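Remarks on the structure that follows.
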Amino acid sequence: MFPKGTKRKFSDSADEPAVSGDEEAAAVVPAAAAAPSAAVRALTSAYSLQRQSLLDMSLIKLQLCHMLVEPNLCRSVLIANTVRQIQEEMTQDGTWQIMTQALAAAQCPTDRLVATEVLCRQTDAAAAGGQSPKPFGVAGLEEGYHAEEVVMEGDVEAEVTMAALAPASPQMSSASYLAGTFGMGPCWEEEEDDDGECEEDEEEDSEECVSEGEEAEQDHLSAESRTGEQVFGTFEIKHPAPPPDPALEELFSDVDPSYYDLDTVLTGMQSAPKMGPYDLLESLSSHGGPTALSSSSSCRSDLNELDHIMEIIVGS
Amino acid sequence: MGEDAESTKINHTFLRDYVTEADVISTVEFNQTGDLLATGDKGGRVVIFQRETESKGESEEVEETGDSGEYNVYSTFQSHEPDFDYLKSLEIEEKINKIRWLPQQNAAHFLLSTNDKTIKLWKVSERDKRPEGYNLKDEEGRLKDTSTITSLQVPVLKSTDLMVEVRPRRVFSNGHTYHVNSISVNSDGETYMSADDLRINMWHLGITDRSFSLFLSDIVDIKPANMEDLTEVITAAEFHPHHCHLFVYSSSKGSLRLCDMRASALCDRHTKLFEEPEDPGSRSFFSEIISSVSDVKFSHSGRYLLTRDYLTAKVWDLNMDKGPVETYQVHEYLRSKLCSLYENDCIFDKFECVWNSSDSVIMTGAYNSFFRMFDRETGRGVTLEAWRESSKPRAVLRTRRVYNGGKRRRGDVGVDSLDFTKKILHMAWHPSENIIAIAATNNLYIFQDRVSPETQLQ
C-alpha cells in the first residue's frame with residue numbers, strides 16, 4: 001500500500017538505550033567521543049533516529065521538486081516548517097551541536113558541493129525585490145549558469161552523514177546521487193541493499209516500537225558501518241569524478257542543471273555557492289546557527305582513499 | 001430496493017456514472033439553479049452537464065413520479081492550454097483548479113475557470129433558431145444572382161438543432177505570481193476575487209468587449225518582506241454569500257481570517273482571526289501539516305464556516321472565534337499513519353468540503369473512493385463509496401466502514417487495505433436538492449436521494 005520505505009512510528013522512546021552497535025555508533029560519531037554520553041545515547045535512541053530520518057526525508061522532499069512545473073509553495077512551506085521544528089528540538093537537546101560540530105570537522109572549504117545546493121526552485125519572482133509580479137529572472141538564471149558550470153566540470157559529491165539512510169523510493173534513487181545529502185548511501189548498490197532491508201522491515205507489521213527501533217537502528221548502523229569504516233568517521237565523501245562517465249551522464253541527462261540552484265526553498269537570494277546541508281537549516285532557523293564550517297587538512301588523505309573507494313563503487 | 005440496515009436516514013439511488021475521457025477531474029461545480037454542472041480536468045477542458053427536465057428526458061429513464069432528471073453532456077470546451085514561462089523555465093499547467101458560475105442575468109450562462117495563473121470568463125449560450133429566407137443571400141450565404149430574384153420575402157426564424165456556443169469573454173492574466181487556489185464570485189455579481197498562496201486579488205467583471213481586465217486591486221497580501229520568513233500561506237478563500245464586503249481566507253497553519261473590506265483597502269489588519277488552540281497532548285511533528293486548512297466554505301445561511309483539514313472537518317460559528325463549534329473525524333484511523341503519509345505525500349492532499357442546501361449535512365472526501373457525510377443534528381457520519389464496481393446504476397449505496405481494531409464486520413475494509421491513490425478530493429452539492437456530484441479520478445458520479453415519505457433526509 002505504501003511505497004517502499006521505512007515504516008516508522010513516532011513513539012516516545014527517547015529513553016531507550018542504544019541496543020546494538022554501540023561501537024559503530026562510536027565510530028560514526030568521532031567528534032562526539034568527548035560529548036556527554038547522554039547525548040550520544042540520545043543520538044542513537046529510536047526516537048532521535050526517527051526524528052533524524054524525518055529530517056532527512058523533509059530535506060530530500062524540499063530538494064526533489066518537480067522538474068517541469070513550479071513546486072507547490074504550500075507544501076514547501078509546510079515541509080520547511082517541519083524541518084525548523086525538528087531543528088529547534090534538536091538544538092534544545094543538544095544533538096544539533098554534536099552533529100554540526102562533527103560536520104564542521106570534516107568539511108573542507110574547497111569542496112564544491114553541487115548536490116547540497118539543491119533546493120526547490122524559488123517560486124517567488126519578487127523576492128529579490130519589488131512588489132509587482134516580476135519574472136523569476138536574473139538571480140535564478142545566474143545561479144543556473146553557475147550550477148551548470150559546476151556540473152560540467154564533473155564535480156560531483158555524495159555525502160554520507162551519520163544520519164539514518166533515508167528510505168529511498170525508486171524515483172529517489174536515481175536523483176539521490178545528486179541529492180547526496182543526508183542519509184543517502186554513497187553508492188547505488190548499497191542503497192539497493194538498504195532498500196531491501198528496509199522493505200523487509202516495513203513489511204513486518206510490528207506493533208512493538210522497540211523491535212522496530214532496533215531494526216531501524218541496526219539497518220542504519222550496519223549500513224553506516226559499511227561505509228563508516230571507509231569513511232573513517234568523516235562525514236563527507238568528496239568525489240571529483242573523472243571525465244564523462246556514461247552512467248553519470250545518463251543520470252544527469254534528464255536533469256536540468258538550472259534547477260540545482262543555490263536558493264533555499266523560500267528565498268531568492270544569491271546565497272553563497274557552497275552551502276552544506278546544514279547551511280540550509282541555518283537559513284531556515286531563527287536560532288543562531290551552528291559554527292561556521294572550518295577547514296581541515298587532515299582529512300585530505302582520508303578523502304583520497306575515499307575517492308578511490310568511491311570510484312570502485314561507482315564503477316567508473 | 002432493499003435498505004441497508006446501517007443506512008437509516010440516507011437512502012441514495014445511483015442513477016448513472018459518467019466517464020470523462022482519460023483525464024482526471026480537478027473541480028466540480030453546480031450553477032446557482034443546479035441545472036448545470038461543470039467539471040474541469042487536468043487537461044484544461046471543461047465539460048458542462050445539463051439536467052434534463054421531465055419533458056426532455058426519456059420516459060424509461062425517469063422512475064416513479066420524482067422530479068429527478070439525468071445530467072447529460074451539454075457542452076465541452078478547452079478552457080486553458082498548457083503554457084510556458086520562459087523566464088522561469090517552468091511549465092504552467094493547464095489543469096483547471098476551480099470553476100465558479102456567475103449568477104444568471106439573461107439567457108446566457110457565465111462561468112469563471114482558472115488554472116494556476118490565469119482566470120477566464122466564459123459565456124455559454126444556446127442557439128436553437130436561425131434566420132432563413134434572406135433575399136440577397138442563399139442558404140449557404142452566397143450572394144444570389146440578382147436576376148433570379150423575382151419577389152420580396154421576409155426572413156423568418158426557423159428552429160434548428162440546439163447549438164451550444166462557448167466563447168471566452170475575458171481573460172484575467174498576470175495577476176498572480178503564485179498558484180491560484182480559489183476564486184469566488186461576490187454576491188454583488190460585479191466583482192470576484194482570486195487567491196493564490198500569498199495574495200488575494202479582486203477583479204471587476206464588467207462584461208465589456210475588452211478581453212483583458214484593467215481593474216484590479218490587491219486586497220490581501222501576506223508575503224513577508226523577506227521570503228525566508230515565510231511560514232504561512234493562503235490555502236482557500238471565499239466571499240460571504242450575502243454580505244458583499246466580507247470574505248474569509250484560510251491558511252496553512254489552520255487559521256481563518258474574516259475580512260471586512262469596508263475597513264481598509266488592504267485587509268491585512270482589520271480581520272477577525274479564527275483559530276483553535278492547539279492540544280498540547282497530541283502535538284507531533286505533523287501537527288502543523290495536518291492542521292492546514294484545505295478548503296473553506298460559508299454555509300448557505302452565511303452564519304457558519306465549514307473547513308477541512310487533513311483528518312477532520314470543522315464547523316465554525318462566525319460569532320465565535322475561539323474555536324470550531326463542531327468537529328467531525330473524517331478518517332481518524334490515519335492518525336497513526338502520518339509518517340507514512342508524509343513520506344508518500346498523501347498528507348498534502350487537499351480535500352474539499354461542501355454543505356447541503358439546508359446546511360444540515362456536510363460532506364467531504366477521503367481515500368479508497370470513500371466519501372463521508374455528517375448529519376449536524378445527530379453528529380453521526382456515514383461512509384459511502386464512489387466506485388463503479390460495487391455499485392450498479394440505480395442501486396442503493398451501501399454504507400461502508402473502515403475497520404481499525406474492534407469487532408470486524410463483513411464488508412469492512414482494513415486500514416492497511418485502503419487505496420491511497422483513489423482520493424475523493426472534489427465534490428459538489430446541488431444548491432436546492434439532494435443531488436451530489438463526486439469526482440473520483442477521471443470518473444464523475446452523480447448520486448441522488450430518492451426522497452420518499454419515510455426516508456426524508458432533512
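Labels for the C-alpha cells follow display order: chains A, B, ..., residues from 1 in each chain, ligands from 1.
If you count only C-alpha atoms and ignore residues fewer than 6 places along the chain from Ala428 (chain B), what sits within 6 Å of it is Val28, Glu29, Ile436 and Ala437 of chain B.
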Could you list the residues in chain B lying within 9 Å of chain A, using only C-alpha atoms, and format the result as number ranges by chain?
B: 85-93, 174-179, 197, 225-235, 252-253, 284-286, 288-289, 292, 336-344, 348, 416-420
Can you list every residue in region 270-403 of chain B that DSSP puts in strand (DSSP E), as JSON, numbers by chain?
{"B": [271, 272, 273, 274, 295, 296, 297, 298, 304, 305, 306, 307, 308, 312, 313, 314, 315, 316, 317, 326, 327, 328, 329, 353, 354, 355, 361, 362, 363, 364, 365, 370, 371, 372, 373, 374, 375, 381, 382, 383, 384, 385, 402, 403]}
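Closest approach to His240 (chain B) among B:Leu305, B:Met320, B:His204, B:Glu275: B:Leu305, based on only C-alpha atoms.
Put simply, CA of Ile222 (chain B) is 12.9 Å away from CA of Thr271 (chain B).
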Within 8 Å of Thr307 (chain B), counting only C-alpha atoms, which residues qualify if same-chain residues fewer than 6 places away don't, as a list in words?
Val293, Ser294, Asp295, Val296, Lys297, Ala313, Lys314, Val315, Trp316 and Cys353 of chain B
For the selection you just gave me, I'd like the residues written to a file as a PDB file, in the first residue's frame, keeping N, CA and C atoms.
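For reference, part30.pdb as written:
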ATOM      1  N   VAL B 293      -5.588  24.070   6.513  1.00  0.00           N
ATOM      2  CA  VAL B 293      -6.958  24.012   6.008  1.00  0.00           C
ATOM      3  C   VAL B 293      -6.933  23.875   4.495  1.00  0.00           C
ATOM      4  N   SER B 294      -7.583  22.850   3.986  1.00  0.00           N
ATOM      5  CA  SER B 294      -7.543  22.639   2.541  1.00  0.00           C
ATOM      6  C   SER B 294      -8.731  23.270   1.820  1.00  0.00           C
ATOM      7  N   ASP B 295      -9.812  23.521   2.556  1.00  0.00           N
ATOM      8  CA  ASP B 295     -10.975  24.131   1.915  1.00  0.00           C
ATOM      9  C   ASP B 295     -11.784  24.873   2.958  1.00  0.00           C
ATOM     10  N   VAL B 296     -12.429  25.945   2.546  1.00  0.00           N
ATOM     11  CA  VAL B 296     -13.303  26.681   3.454  1.00  0.00           C
ATOM     12  C   VAL B 296     -14.559  27.069   2.683  1.00  0.00           C
ATOM     13  N   LYS B 297     -15.713  26.877   3.300  1.00  0.00           N
ATOM     14  CA  LYS B 297     -16.980  27.190   2.648  1.00  0.00           C
ATOM     15  C   LYS B 297     -17.934  27.853   3.650  1.00  0.00           C
ATOM     16  N   ALA B 313     -13.215  17.614   9.670  1.00  0.00           N
ATOM     17  CA  ALA B 313     -13.986  18.712   9.088  1.00  0.00           C
ATOM     18  C   ALA B 313     -14.564  19.480  10.268  1.00  0.00           C
ATOM     19  N   LYS B 314     -14.505  20.789  10.198  1.00  0.00           N
ATOM     20  CA  LYS B 314     -14.935  21.585  11.350  1.00  0.00           C
ATOM     21  C   LYS B 314     -15.954  22.629  10.914  1.00  0.00           C
ATOM     22  N   VAL B 315     -16.907  22.849  11.786  1.00  0.00           N
ATOM     23  CA  VAL B 315     -17.893  23.909  11.570  1.00  0.00           C
ATOM     24  C   VAL B 315     -17.610  25.017  12.563  1.00  0.00           C
ATOM     25  N   TRP B 316     -17.512  26.232  12.064  1.00  0.00           N
ATOM     26  CA  TRP B 316     -17.239  27.392  12.905  1.00  0.00           C
ATOM     27  C   TRP B 316     -18.441  28.329  12.864  1.00  0.00           C
ATOM     28  N   CYS B 353     -14.758  20.314   0.866  1.00  0.00           N
ATOM     29  CA  CYS B 353     -15.898  20.018   1.725  1.00  0.00           C
ATOM     30  C   CYS B 353     -17.079  20.840   1.234  1.00  0.00           C
TER      31      CYS B 353
END
